[in-house]
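With compact mmCIF, C-alpha atoms and all ligand atoms inside, this is final.txt:
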```txt
# COMPACT_ATOMS: atom_id res chain seq x y z
CA MET B 103 0.00 0.00 0.00
CA PHE B 104 2.77 2.41 1.07
CA LEU B 105 4.68 1.56 -2.10
CA ALA B 106 1.59 2.22 -4.22
CA VAL B 107 1.10 5.67 -2.62
CA LEU B 108 4.79 6.48 -3.09
CA LEU B 109 4.63 5.41 -6.74
CA ALA B 110 1.49 7.47 -7.27
CA LEU B 111 3.17 10.51 -5.70
CA PHE B 112 6.24 10.08 -7.89
CA GLY B 113 3.98 9.63 -10.87
CA LEU B 114 2.14 12.86 -10.05
CA LEU B 115 5.37 14.72 -9.49
CA GLY B 116 6.78 13.43 -12.78
CA TYR B 117 3.61 14.49 -14.56
CA ALA B 118 3.72 17.97 -12.96
CA VAL B 119 7.39 18.38 -13.97
CA MET B 120 6.58 17.26 -17.52
CA ARG B 121 3.71 19.77 -17.68
CA TYR B 122 6.01 22.48 -16.34
CA TYR B 123 8.59 21.94 -19.08
CA ARG B 124 5.83 21.81 -21.70
CA TYR B 125 4.75 25.21 -20.39
CA VAL B 126 8.38 26.44 -20.54
CA ALA B 127 8.63 25.26 -24.16
CA ARG B 128 5.93 27.76 -25.19
CA TYR B 129 8.35 30.64 -24.62
CA PRO B 130 11.45 31.76 -26.50
CA LYS B 131 14.51 29.79 -25.38
CA GLY B 132 16.50 30.93 -22.36
CA PRO B 133 18.54 29.51 -19.48
CA THR B 134 17.01 26.24 -18.26
CA PRO B 135 14.67 26.92 -15.34
CA LEU B 136 14.30 24.59 -12.35
CA PRO B 137 10.80 23.12 -12.03
CA PHE B 138 8.37 25.63 -10.47
CA ILE B 139 10.95 28.12 -9.10
CA GLY B 140 12.42 28.81 -12.52
CA ASN B 141 15.65 30.86 -12.49
CA HIS B 142 14.63 32.72 -9.32
CA GLY B 143 17.59 31.49 -7.24
CA GLU B 144 20.13 32.60 -9.85
CA LEU B 145 19.04 36.23 -10.09
CA ASP B 146 20.84 39.14 -8.49
CA PHE B 147 18.05 41.40 -7.27
CA MET B 148 20.31 44.30 -6.35
CA GLN B 149 21.70 44.35 -9.89
CA GLN B 150 19.04 42.81 -12.03
CA HIS B 151 20.64 43.66 -15.35
CA VAL B 152 23.83 41.85 -14.30
CA GLY B 153 21.85 38.72 -13.36
CA PHE B 154 19.83 38.77 -16.58
CA GLU B 155 22.98 39.38 -18.60
CA ARG B 156 24.81 36.44 -17.03
CA LEU B 157 21.86 34.08 -17.48
CA SER B 158 21.13 35.01 -21.06
CA LYS B 159 24.65 35.32 -22.49
CA GLU B 160 24.24 32.44 -24.91
CA PHE B 161 20.93 33.59 -26.33
CA ASP B 162 20.99 36.13 -29.11
CA GLY B 163 18.20 38.58 -29.71
CA VAL B 164 15.43 37.23 -27.49
CA CYS B 165 15.36 34.99 -24.42
CA THR B 166 13.06 34.08 -21.54
CA VAL B 167 14.05 34.15 -17.86
CA PHE B 168 11.66 32.61 -15.31
CA THR B 169 11.53 34.75 -12.14
CA PRO B 170 9.52 32.39 -11.59
CA SER B 171 7.01 34.17 -13.90
CA PRO B 172 8.35 34.19 -17.45
CA ILE B 173 9.85 37.48 -18.63
CA VAL B 174 10.83 37.67 -22.30
CA HIS B 175 13.82 39.94 -22.83
CA ILE B 176 14.24 41.49 -26.26
CA ARG B 177 17.85 42.55 -26.53
CA ASP B 178 18.47 43.44 -30.14
CA ILE B 179 17.59 46.97 -31.24
CA GLU B 180 16.09 45.82 -34.56
CA LEU B 181 13.86 43.28 -32.76
CA ILE B 182 12.85 45.90 -30.16
CA LYS B 183 11.82 48.23 -32.99
CA GLU B 184 9.95 45.42 -34.73
CA ALA B 185 8.02 44.60 -31.55
CA PHE B 186 7.42 48.01 -29.99
CA ILE B 187 7.13 50.19 -33.10
CA GLN B 188 6.03 48.06 -36.07
CA ASN B 189 3.79 45.86 -33.91
CA GLY B 190 3.37 48.43 -31.15
CA ASP B 191 -0.35 47.78 -30.67
CA ASP B 192 0.42 44.20 -29.61
CA TYR B 193 2.64 45.45 -26.80
CA VAL B 194 0.64 48.22 -25.12
CA GLY B 195 -0.43 46.05 -22.20
CA ARG B 196 1.12 46.14 -18.75
CA PRO B 197 1.14 43.18 -16.37
CA GLN B 198 -1.92 43.45 -14.13
CA ASN B 199 -0.70 42.29 -10.79
CA LYS B 200 -1.57 42.92 -7.17
CA VAL B 201 2.00 43.99 -6.46
CA PHE B 202 1.80 46.81 -9.01
CA GLU B 203 -1.61 47.76 -7.61
CA LEU B 204 0.06 48.51 -4.29
CA PHE B 205 1.44 51.61 -5.99
CA ALA B 206 -1.88 52.69 -7.45
CA PHE B 207 -5.13 53.73 -5.84
CA THR B 208 -7.47 51.60 -7.82
CA HIS B 209 -7.50 48.55 -10.06
CA ASN B 210 -6.18 49.43 -13.53
CA GLY B 211 -5.69 53.09 -12.56
CA GLY B 212 -3.39 55.90 -13.69
CA VAL B 213 -1.11 55.89 -16.72
CA ILE B 214 1.92 53.71 -16.09
CA ASN B 215 0.40 50.38 -15.10
CA SER B 216 -3.06 50.70 -16.62
CA ILE B 217 -4.28 48.96 -19.76
CA GLY B 218 -6.96 49.21 -22.44
CA ASP B 219 -9.50 52.03 -22.60
CA ASN B 220 -8.59 53.41 -19.19
CA TRP B 221 -4.92 53.70 -20.15
CA ARG B 222 -5.91 55.56 -23.35
CA GLU B 223 -8.32 57.89 -21.52
CA GLN B 224 -5.98 58.71 -18.64
CA ARG B 225 -3.01 59.19 -20.94
CA ARG B 226 -4.98 61.40 -23.35
CA ALA B 227 -6.35 63.55 -20.50
CA ALA B 228 -2.97 63.81 -18.75
CA LEU B 229 -1.17 64.82 -21.95
CA SER B 230 -3.85 67.34 -22.82
CA ILE B 231 -3.63 68.92 -19.33
CA MET B 232 0.17 69.00 -19.55
CA ARG B 233 -0.08 70.64 -22.98
CA ASP B 234 -2.41 73.30 -21.56
CA PHE B 235 0.24 74.03 -18.96
CA GLY B 236 2.84 74.50 -21.67
CA MET B 237 4.62 71.14 -21.69
CA GLY B 238 7.44 71.25 -24.22
CA LYS B 239 6.95 74.99 -24.60
CA ASN B 240 8.47 78.07 -23.02
CA VAL B 241 6.35 77.85 -19.87
CA GLN B 242 8.04 74.68 -18.73
CA GLU B 243 11.46 75.87 -19.73
CA THR B 244 10.95 78.95 -17.56
CA LEU B 245 9.88 76.69 -14.70
CA VAL B 246 13.03 74.59 -14.98
CA GLN B 247 15.20 77.69 -15.23
CA SER B 248 13.64 79.22 -12.16
CA ALA B 249 14.12 76.00 -10.16
CA MET B 250 17.77 76.08 -11.33
CA ILE B 251 18.16 79.67 -10.10
CA ASP B 252 16.88 78.58 -6.65
CA LEU B 253 19.37 75.70 -6.66
CA LEU B 254 22.30 77.92 -7.64
CA GLU B 255 21.37 80.46 -4.94
CA HIS B 256 21.16 77.65 -2.38
CA LEU B 257 24.63 76.40 -3.39
CA ASP B 258 26.01 79.95 -3.28
CA GLU B 259 24.73 80.41 0.26
CA MET B 260 26.57 77.32 1.52
CA LYS B 261 29.41 78.44 3.78
CA ASP B 262 31.58 75.36 3.63
CA LYS B 263 32.04 74.35 0.01
CA THR B 264 34.93 71.95 0.59
CA SER B 265 32.66 68.95 0.56
CA VAL B 266 29.12 69.38 -0.78
CA ASP B 267 26.63 66.52 -0.97
CA LEU B 268 24.47 67.34 -4.00
CA HIS B 269 21.93 64.58 -3.42
CA TRP B 270 19.45 66.63 -1.41
CA PRO B 271 19.75 69.94 -3.37
CA ILE B 272 19.20 68.07 -6.66
CA GLN B 273 16.23 66.20 -5.20
CA VAL B 274 14.60 69.45 -4.03
CA MET B 275 15.21 71.09 -7.43
CA VAL B 276 13.65 68.19 -9.37
CA VAL B 277 10.73 67.82 -6.95
CA ASN B 278 10.08 71.56 -7.29
CA VAL B 279 9.72 71.38 -11.08
CA ILE B 280 7.34 68.40 -10.90
CA ASN B 281 5.48 69.69 -7.82
CA GLU B 282 4.77 73.02 -9.43
CA ILE B 283 3.21 71.36 -12.48
CA MET B 284 1.32 68.72 -10.51
CA PHE B 285 0.33 70.52 -7.32
CA GLY B 286 1.03 74.22 -7.91
CA TYR B 287 3.65 74.94 -5.26
CA ARG B 288 7.32 74.53 -4.62
CA HIS B 289 9.51 74.02 -1.56
CA THR B 290 12.14 76.41 -0.37
CA TYR B 291 15.42 74.77 0.57
CA LYS B 292 14.75 75.74 4.19
CA ASP B 293 11.29 74.15 4.45
CA SER B 294 12.10 71.07 2.39
CA GLY B 295 12.29 68.83 5.47
CA GLU B 296 8.71 67.83 4.72
CA LEU B 297 10.03 65.95 1.74
CA LEU B 298 11.85 63.60 4.09
CA LYS B 299 8.50 62.09 4.94
CA PHE B 300 8.19 61.03 1.35
CA LEU B 301 9.28 57.47 1.13
CA PHE B 302 10.16 56.03 -2.20
CA VAL B 303 10.51 52.30 -1.81
CA ARG B 304 13.11 50.92 -4.17
CA ILE B 305 10.68 48.32 -5.34
CA PHE B 306 12.71 46.01 -7.43
CA GLU B 307 15.50 45.70 -4.91
CA ASN B 308 13.12 43.57 -2.89
CA LYS B 309 13.36 39.88 -3.77
CA LEU B 310 9.85 39.32 -2.47
CA ILE B 311 8.38 41.56 -5.14
CA PHE B 312 9.08 39.02 -7.88
CA LEU B 313 7.62 36.26 -5.73
CA GLY B 314 4.61 38.51 -5.15
CA ILE B 315 4.17 38.87 -8.91
CA SER B 316 3.96 35.11 -9.27
CA VAL B 317 2.08 34.40 -6.03
CA PRO B 318 -0.29 37.38 -5.72
CA PHE B 319 -1.65 36.64 -2.24
CA LEU B 320 1.84 37.42 -0.85
CA ALA B 321 1.17 41.06 -1.74
CA ASP B 322 -1.34 41.18 1.11
CA LEU B 323 1.27 40.27 3.72
CA PRO B 324 2.46 43.28 5.69
CA PHE B 325 6.16 42.79 4.92
CA ILE B 326 5.52 43.07 1.22
CA GLY B 327 2.24 44.98 1.02
CA TRP B 328 3.02 48.57 1.88
CA ARG B 329 1.53 51.92 1.01
CA VAL B 330 4.05 54.49 -0.09
CA LEU B 331 1.90 57.19 -1.47
CA GLN B 332 0.87 59.34 1.49
CA PHE B 333 3.01 62.19 0.19
CA VAL B 334 1.03 62.27 -3.05
CA VAL B 335 -2.31 62.06 -1.21
CA ASP B 336 -1.32 65.04 0.98
CA ASN B 337 -0.29 67.07 -2.05
CA VAL B 338 -3.45 66.39 -4.06
CA GLU B 339 -5.56 67.32 -1.02
CA ARG B 340 -3.56 70.49 -0.54
CA ALA B 341 -4.05 71.48 -4.23
CA LEU B 342 -7.81 70.87 -4.06
CA ASP B 343 -8.39 72.24 -0.57
CA THR B 344 -9.68 75.67 -1.57
CA TYR B 345 -10.16 75.01 -5.29
CA SER B 346 -13.57 75.45 -6.90
CA THR B 347 -14.11 73.96 -10.36
CA ASN B 348 -15.40 77.38 -11.50
CA ASP B 349 -11.88 78.76 -11.04
CA GLU B 350 -9.11 78.66 -13.62
CA PRO B 351 -6.92 75.68 -12.64
CA THR B 352 -3.32 76.45 -11.74
CA CYS B 353 -1.94 72.92 -11.60
CA PHE B 354 -2.48 69.36 -12.89
CA ALA B 355 -4.56 68.23 -9.89
CA GLN B 356 -6.98 71.15 -10.25
CA ALA B 357 -7.26 70.81 -14.04
CA TYR B 358 -7.98 67.08 -13.67
CA LYS B 359 -10.66 67.79 -11.06
CA GLN B 360 -12.29 70.33 -13.38
CA ARG B 361 -12.30 67.87 -16.30
CA MET B 362 -13.99 65.24 -14.11
CA ILE B 363 -17.23 67.20 -14.61
CA THR B 364 -17.34 66.59 -18.36
CA ASN B 365 -15.20 63.46 -18.80
CA HIS B 366 -16.64 60.48 -16.95
CA ALA B 367 -13.52 58.37 -17.43
CA LEU B 368 -11.84 60.70 -14.95
CA ASP B 369 -12.48 60.13 -11.26
CA GLU B 370 -10.80 60.65 -7.88
CA PRO B 371 -8.93 57.31 -7.65
CA ASN B 372 -7.50 57.92 -11.13
CA LEU B 373 -6.57 61.50 -10.18
CA TYR B 374 -4.52 60.11 -7.29
CA ALA B 375 -3.11 57.33 -9.46
CA CYS B 376 -2.05 59.71 -12.28
CA SER B 377 -0.53 62.13 -9.77
CA ALA B 378 1.44 59.31 -8.17
CA ASP B 379 2.58 58.03 -11.59
CA PHE B 380 3.86 61.38 -12.77
CA PHE B 381 5.42 62.20 -9.42
CA LEU B 382 7.19 58.87 -8.92
CA ALA B 383 8.19 58.42 -12.58
CA GLY B 384 9.33 62.01 -12.89
CA VAL B 385 11.26 62.58 -9.67
CA GLU B 386 13.25 59.42 -9.21
CA THR B 387 14.39 59.12 -12.86
CA THR B 388 15.37 62.74 -13.36
CA MET B 389 17.08 63.05 -10.01
CA THR B 390 19.09 59.86 -10.51
CA SER B 391 20.16 60.96 -14.01
CA LEU B 392 21.35 64.35 -12.73
CA ARG B 393 23.22 62.80 -9.83
CA TRP B 394 24.97 60.47 -12.26
CA ALA B 395 25.84 63.48 -14.42
CA MET B 396 27.52 65.11 -11.39
CA PHE B 397 29.51 61.98 -10.48
CA ILE B 398 30.60 61.40 -14.05
CA MET B 399 31.65 65.01 -14.63
CA ALA B 400 33.58 65.04 -11.34
CA LYS B 401 35.49 61.99 -12.51
CA HIS B 402 36.08 63.19 -16.09
CA GLN B 403 37.58 66.62 -15.56
CA THR B 404 38.80 67.10 -19.15
CA THR B 405 35.29 66.47 -20.48
CA GLN B 406 33.90 68.80 -17.84
CA ASP B 407 36.33 71.56 -18.93
CA ARG B 408 35.40 71.11 -22.59
CA LEU B 409 31.68 71.19 -21.73
CA ARG B 410 32.10 74.36 -19.64
CA ARG B 411 34.13 76.04 -22.41
CA GLU B 412 31.40 75.31 -24.97
CA ILE B 413 28.62 76.64 -22.72
CA HIS B 414 30.61 79.75 -21.80
CA SER B 415 31.46 80.50 -25.41
CA VAL B 416 27.86 80.10 -26.68
CA VAL B 417 25.71 81.12 -23.71
CA GLY B 418 28.13 83.28 -21.73
CA THR B 419 27.85 83.68 -17.99
CA ASN B 420 25.01 86.20 -17.67
CA ARG B 421 22.07 83.96 -18.53
CA LEU B 422 20.98 80.33 -18.27
CA PRO B 423 21.10 78.04 -21.31
CA SER B 424 17.80 77.50 -23.09
CA LEU B 425 16.45 74.97 -25.59
CA ASN B 426 17.07 77.47 -28.39
CA ASP B 427 20.80 77.08 -27.79
CA GLN B 428 20.70 73.35 -28.48
CA THR B 429 21.93 73.40 -32.07
CA SER B 430 24.89 75.58 -31.12
CA LEU B 431 25.90 73.20 -28.32
CA PRO B 432 26.83 69.89 -30.01
CA PHE B 433 29.27 68.80 -27.32
CA THR B 434 26.76 69.54 -24.55
CA ARG B 435 24.17 67.44 -26.39
CA VAL B 436 26.47 64.45 -26.80
CA CYS B 437 27.39 64.71 -23.11
CA VAL B 438 23.70 64.36 -22.23
CA HIS B 439 23.35 61.30 -24.47
CA GLU B 440 26.52 59.72 -23.12
CA VAL B 441 25.48 60.34 -19.50
CA GLN B 442 22.14 58.65 -20.16
CA ARG B 443 23.77 55.73 -21.97
CA PHE B 444 26.52 55.28 -19.41
CA ALA B 445 24.32 55.74 -16.33
CA ASN B 446 21.66 53.47 -17.81
CA ILE B 447 19.34 54.19 -14.92
CA LEU B 448 16.39 52.03 -15.93
CA SER B 449 18.09 48.89 -17.10
CA ASN B 450 14.68 47.29 -17.60
CA ASN B 451 11.79 48.78 -19.46
CA VAL B 452 8.57 49.20 -17.50
CA PHE B 453 7.37 45.69 -18.32
CA LYS B 454 4.94 45.44 -21.19
CA GLU B 455 2.53 42.63 -21.82
CA THR B 456 1.76 41.01 -25.13
CA GLY B 457 -0.51 38.58 -26.83
CA HIS B 458 1.61 38.29 -29.95
CA LYS B 459 3.25 34.96 -30.88
CA ILE B 460 4.41 34.35 -27.33
CA PRO B 461 1.61 33.39 -24.93
CA SER B 462 -0.83 36.13 -24.02
CA GLY B 463 -0.10 37.79 -20.68
CA THR B 464 3.68 37.33 -20.90
CA MET B 465 5.82 40.15 -19.47
CA VAL B 466 8.10 41.55 -22.15
CA ASN B 467 11.17 43.67 -21.51
CA ALA B 468 13.03 45.81 -24.02
CA ASP B 469 16.48 45.15 -22.64
CA ILE B 470 17.60 48.79 -22.41
CA HIS B 471 20.72 47.79 -20.53
CA HIS B 472 21.81 45.29 -23.17
CA VAL B 473 21.38 47.76 -26.03
CA MET B 474 23.13 50.71 -24.37
CA ALA B 475 25.87 48.73 -22.64
CA LEU B 476 26.64 45.95 -25.10
CA ASP B 477 25.59 46.82 -28.64
CA PRO B 478 28.78 46.40 -30.73
CA LEU B 479 28.34 49.86 -32.27
CA PHE B 480 29.32 51.34 -28.90
CA VAL B 481 33.08 50.74 -29.04
CA ASP B 482 34.54 50.30 -25.51
CA PRO B 483 31.07 50.74 -24.03
CA LYS B 484 32.33 50.86 -20.44
CA GLU B 485 34.20 54.08 -21.16
CA PHE B 486 32.51 57.45 -20.77
CA ARG B 487 33.27 59.08 -24.10
CA PRO B 488 30.74 61.68 -25.35
CA GLU B 489 32.83 62.23 -28.55
CA ARG B 490 31.60 58.83 -29.80
CA TYR B 491 28.33 60.52 -30.80
CA LEU B 492 29.98 63.18 -32.99
CA SER B 493 30.45 62.62 -36.72
CA GLU B 494 33.71 63.56 -38.42
CA ASP B 495 32.61 67.20 -38.83
CA GLY B 496 32.59 67.50 -35.01
CA LYS B 497 29.04 68.89 -35.06
CA THR B 498 26.58 66.40 -36.52
CA LEU B 499 25.32 63.67 -34.17
CA ARG B 500 25.68 60.04 -35.29
CA LYS B 501 22.17 58.76 -35.98
CA ASP B 502 23.09 55.08 -35.62
CA LEU B 503 24.26 55.65 -32.04
CA ILE B 504 21.41 58.01 -31.09
CA GLU B 505 18.99 55.32 -32.30
CA ARG B 506 20.56 52.88 -29.83
CA THR B 507 20.46 55.33 -26.91
CA ILE B 508 17.08 54.40 -25.50
CA PRO B 509 16.89 55.49 -21.82
CA PHE B 510 13.16 56.20 -22.27
CA SER B 511 12.66 52.95 -24.22
CA ILE B 512 10.82 53.17 -27.56
CA GLY B 513 7.32 52.74 -28.92
CA ASN B 514 3.95 53.79 -27.50
C1 LIG B 601 15.66 60.76 -17.28
C2 LIG B 601 14.39 60.71 -16.95
C3 LIG B 601 13.44 59.60 -17.34
C4 LIG B 601 13.67 58.32 -17.79
C5 LIG B 601 15.02 57.64 -18.02
C6 LIG B 601 12.37 57.70 -18.02
C7 LIG B 601 12.18 56.41 -18.51
C8 LIG B 601 10.96 55.84 -18.79
C9 LIG B 601 10.75 54.52 -19.37
C10 LIG B 601 11.86 53.54 -19.79
C11 LIG B 601 9.42 54.33 -19.49
C12 LIG B 601 8.71 53.09 -20.05
C13 LIG B 601 8.34 53.36 -21.48
C14 LIG B 601 7.66 52.19 -22.12
O1 LIG B 601 6.97 51.42 -21.47
O2 LIG B 601 7.84 52.02 -23.32
C15 LIG B 601 8.76 55.52 -18.96
C16 LIG B 601 7.38 55.68 -18.89
C17 LIG B 601 6.77 56.76 -18.30
N1 LIG B 601 7.39 57.89 -17.79
FE1 LIG B 601 9.36 58.27 -17.80
N2 LIG B 601 11.39 58.60 -17.72
C18 LIG B 601 11.98 59.78 -17.29
C19 LIG B 601 11.36 60.94 -16.87
C20 LIG B 601 10.00 61.08 -16.71
C21 LIG B 601 9.33 62.29 -16.25
C22 LIG B 601 10.05 63.60 -15.89
C23 LIG B 601 8.00 62.00 -16.20
C24 LIG B 601 6.84 62.88 -15.79
C25 LIG B 601 6.87 63.98 -15.10
C26 LIG B 601 7.82 60.62 -16.64
C27 LIG B 601 6.60 59.97 -16.72
C28 LIG B 601 6.43 58.73 -17.31
C29 LIG B 601 5.10 58.13 -17.51
C30 LIG B 601 3.75 58.74 -17.12
C31 LIG B 601 5.33 56.89 -18.14
C32 LIG B 601 4.27 55.87 -18.57
C33 LIG B 601 3.81 56.16 -19.99
C34 LIG B 601 2.72 55.18 -20.46
O3 LIG B 601 2.72 54.02 -20.05
O4 LIG B 601 1.88 55.58 -21.26
N3 LIG B 601 9.06 60.09 -16.94
N4 LIG B 601 9.72 56.42 -18.55
```
For this file, write the structure as structure tokens.
Amino acid sequence: MFLAVLLALFGLLGYAVMRYYRYVARYPKGPTPLPFIGNHGELDFMQQHVGFERLSKEFDGVCTVFTPSPIVHIRDIELIKEAFIQNGDDYVGRPQNKVFELFAFTHNGGVINSIGDNWREQRRAALSIMRDFGMGKNVQETLVQSAMIDLLEHLDEMKDKTSVDLHWPIQVMVVNVINEIMFGYRHTYKDSGELLKFLFVRIFENKLIFLGISVPFLADLPFIGWRVLQFVVDNVERALDTYSTNDEPTCFAQAYKQRMITNHALDEPNLYACSADFFLAGVETTMTSLRWAMFIMAKHQTTQDRLRREIHSVVGTNRLPSLNDQTSLPFTRVCVHEVQRFANILSNNVFKETGHKIPSGTMVNADIHHVMALDPLFVDPKEFRPERYLSEDGKTLRKDLIERTIPFSIGN
């Protein structure tokens, strides 16, 4: 009897393992996963791109890593373009998962993690509001310049300049640009302590997050299920506190509230979700890029001197640079590209979801890290060398390299 039960159990286990590998076979080839846990144990969660790179070395173009959920990595720029541009409509989804919902205020809310009609509606409304506030036009440039003036004054006022930690000043400057658009106010450097309350959890450094993606009920456990968005809630409430929808809106939150009257796709949970999306996506990325720029320029003094010389000769020292100066500042432009390539701050795309050729619901990653760090067109990719982007005339930017510099990913 005991033997029969044991044999039955082995039989069941064998069957389950066989089913598992049949399931694995539906995906593009990648490093062999262990039954059920996939490649989870082999990943480096503090440096995901390094782990993915090591695991997928032998697989050109596309490969699947099981975390334990399957994630298809597209690593070749031509294949990324084919998927996200030529077949872009097949890749507009985002994984719908309880873990991602922890960062939203409602199911399928906001812009970043939403899908389908709600994604289209929220994105259309958000872009239209941003356009009304002068996104990409002079208004926003003035806003950035004025936040820069505050930053420069703050640095000037510092008594001891022998050792200056730029982390906090840069964070305040970036938050001020985004805050002013989203919530209509900015911090002074003296009252910015309030920002300390704002907690950005470095989500993907937490191993449990990937387990939570595969085993959703884990997201309800207190050690993984947290709420990080109180700062955004406080700011939206502050912006709407005395606002009446008859008044001209002065910030994103007020404009959204006003449009809720005529557009029924817009509601309070989505207002909070969009505000959180723009705030989190805008602050952390921009701040990290600027901090990298500071580190890199401190290390590469000759490049820093050349950059300063170009800016001084074109812009002078009596005004701030503006977008109109761009064409006269080729070296400055290539420095920005090289900083973004070298710093490579979002090594993974925000995961997309597809129903095309690979099974529906699969997470798909444009491997930004692989393209910017390992594409053979970037000679000596580990070196910081802005000149690589300049053509022989010393002015024109090399299109083939710009096309492979994809810090914002590509497609929809
Ligand atoms: C250097 C700075 C930034 C980097 C490197 C960056 C990178 C990215 C990447 C890789 C994506 C995913 C794109 C995709 O799925 O194809 C994304 C999406 C997004 N980013 Fe940024 N971003 C930056 C700054 C900002 C700023 C300043 C804002 C807003 C204030 C912002 C708001 C968003 C939003 C709303 C999305 C989702 C778009 C959608 O799904 O429709 N980002 N960003």
Go through the chains and note each residue within 8 Å of ligand LIG 601 (chain B), using only C-alpha atoms and all ligand atoms, then give the set as a PyMOL selection string. chain B and resi 186+194+213-216+221+225+280+376+379-391+442+446-448+450-454+470+508-514
Selection file, C-alpha atoms, as a PDB file, in the coordinates of the input:
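Written file, out_5.pdb:
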```
ATOM      1  CA  PHE B 186       7.420  48.010 -29.990  1.00  0.00           C
ATOM      2  CA  VAL B 194       0.640  48.220 -25.120  1.00  0.00           C
ATOM      3  CA  VAL B 213      -1.110  55.890 -16.720  1.00  0.00           C
ATOM      4  CA  ILE B 214       1.920  53.710 -16.090  1.00  0.00           C
ATOM      5  CA  ASN B 215       0.400  50.380 -15.100  1.00  0.00           C
ATOM      6  CA  SER B 216      -3.060  50.700 -16.620  1.00  0.00           C
ATOM      7  CA  TRP B 221      -4.920  53.700 -20.150  1.00  0.00           C
ATOM      8  CA  ARG B 225      -3.010  59.190 -20.940  1.00  0.00           C
ATOM      9  CA  ILE B 280       7.340  68.400 -10.900  1.00  0.00           C
ATOM     10  CA  CYS B 376      -2.050  59.710 -12.280  1.00  0.00           C
ATOM     11  CA  ASP B 379       2.580  58.030 -11.590  1.00  0.00           C
ATOM     12  CA  PHE B 380       3.860  61.380 -12.770  1.00  0.00           C
ATOM     13  CA  PHE B 381       5.420  62.200  -9.420  1.00  0.00           C
ATOM     14  CA  LEU B 382       7.190  58.870  -8.920  1.00  0.00           C
ATOM     15  CA  ALA B 383       8.190  58.420 -12.580  1.00  0.00           C
ATOM     16  CA  GLY B 384       9.330  62.010 -12.890  1.00  0.00           C
ATOM     17  CA  VAL B 385      11.260  62.580  -9.670  1.00  0.00           C
ATOM     18  CA  GLU B 386      13.250  59.420  -9.210  1.00  0.00           C
ATOM     19  CA  THR B 387      14.390  59.120 -12.860  1.00  0.00           C
ATOM     20  CA  THR B 388      15.370  62.740 -13.360  1.00  0.00           C
ATOM     21  CA  MET B 389      17.080  63.050 -10.010  1.00  0.00           C
ATOM     22  CA  THR B 390      19.090  59.860 -10.510  1.00  0.00           C
ATOM     23  CA  SER B 391      20.160  60.960 -14.010  1.00  0.00           C
ATOM     24  CA  GLN B 442      22.140  58.650 -20.160  1.00  0.00           C
ATOM     25  CA  ASN B 446      21.660  53.470 -17.810  1.00  0.00           C
ATOM     26  CA  ILE B 447      19.340  54.190 -14.920  1.00  0.00           C
ATOM     27  CA  LEU B 448      16.390  52.030 -15.930  1.00  0.00           C
ATOM     28  CA  ASN B 450      14.680  47.290 -17.600  1.00  0.00           C
ATOM     29  CA  ASN B 451      11.790  48.780 -19.460  1.00  0.00           C
ATOM     30  CA  VAL B 452       8.570  49.200 -17.500  1.00  0.00           C
ATOM     31  CA  PHE B 453       7.370  45.690 -18.320  1.00  0.00           C
ATOM     32  CA  LYS B 454       4.940  45.440 -21.190  1.00  0.00           C
ATOM     33  CA  ILE B 470      17.600  48.790 -22.410  1.00  0.00           C
ATOM     34  CA  ILE B 508      17.080  54.400 -25.500  1.00  0.00           C
ATOM     35  CA  PRO B 509      16.890  55.490 -21.820  1.00  0.00           C
ATOM     36  CA  PHE B 510      13.160  56.200 -22.270  1.00  0.00           C
ATOM     37  CA  SER B 511      12.660  52.950 -24.220  1.00  0.00           C
ATOM     38  CA  ILE B 512      10.820  53.170 -27.560  1.00  0.00           C
ATOM     39  CA  GLY B 513       7.320  52.740 -28.920  1.00  0.00           C
ATOM     40  CA  ASN B 514       3.950  53.790 -27.500  1.00  0.00           C
TER      41      ASN B 514
END
```
For this session: For CA of Val417 in chain B and CA of Arg435 in chain B, quote the distance in Å rounded to one decimal.
Result: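 Rounded to one decimal, the two atoms are 14.0 Å apart.
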task = Can you pull out every residue within 8 Å of range 491-499 of chain B, counting only C-alpha atoms, but drop anything in the same chain fewer than 4 positions away, and send it as a PyMOL selection string?
result = chain B and resi 432-433+436+440+503-504
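Rounded to one decimal, CA of Gly116 in chain B and CA of Asn141 in chain B lie 19.6 Å from each other.
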**Prompt:** Of the residues B:Arg233, B:Lys401, B:Arg177, B:Lys183, which is the one nearest to Met474 in chain B, using only C-alpha atoms?
**Reply:**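 Among the listed residues, B:Arg177 lies closest to Met474 in chain B.
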**Between CA of Phe147 in chain B and CA of His269 in chain B - distance in Å to one decimal** =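 Computed distance, CA of His269 in chain B to CA of Phe147 in chain B, equals 23.8 Å.
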Residue with smallest distance to Val473 in chain B - pool B:Val174, B:Thr352, B:Asp191, B:Ile179, counting only C-alpha atoms =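 Closest candidate: B:Ile179.
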Can you tell me which residues surround range 334-346 of chain B at a distance of at most 7 Å, considering all atoms listed in the file, apart from same-chain residues fewer than 2 positions away, and format the answer as a list of chain:residue names?
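Residues near the query, excluding close chain neighbours: B:Phe285, B:Gly286, B:Leu331, B:Gln332, B:Asn348, B:Asp349, B:Ala355, B:Gln356, B:Tyr374, B:Ser377, B:Ala378.
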If you keep C-alpha atoms, can you produce a file of those selected residues as a short mmCIF file (atom, residue, chain, number, x, y, z; two decimals), keeping the file's coordinate frame?
```cif
data_model
loop_
_atom_site.label_atom_id
_atom_site.label_comp_id
_atom_site.auth_asym_id
_atom_site.auth_seq_id
_atom_site.Cartn_x
_atom_site.Cartn_y
_atom_site.Cartn_z
CA PHE B 285 0.33 70.52 -7.32
CA GLY B 286 1.03 74.22 -7.91
CA LEU B 331 1.90 57.19 -1.47
CA GLN B 332 0.87 59.34 1.49
CA ASN B 348 -15.40 77.38 -11.50
CA ASP B 349 -11.88 78.76 -11.04
CA ALA B 355 -4.56 68.23 -9.89
CA GLN B 356 -6.98 71.15 -10.25
CA TYR B 374 -4.52 60.11 -7.29
CA SER B 377 -0.53 62.13 -9.77
CA ALA B 378 1.44 59.31 -8.17
#
```
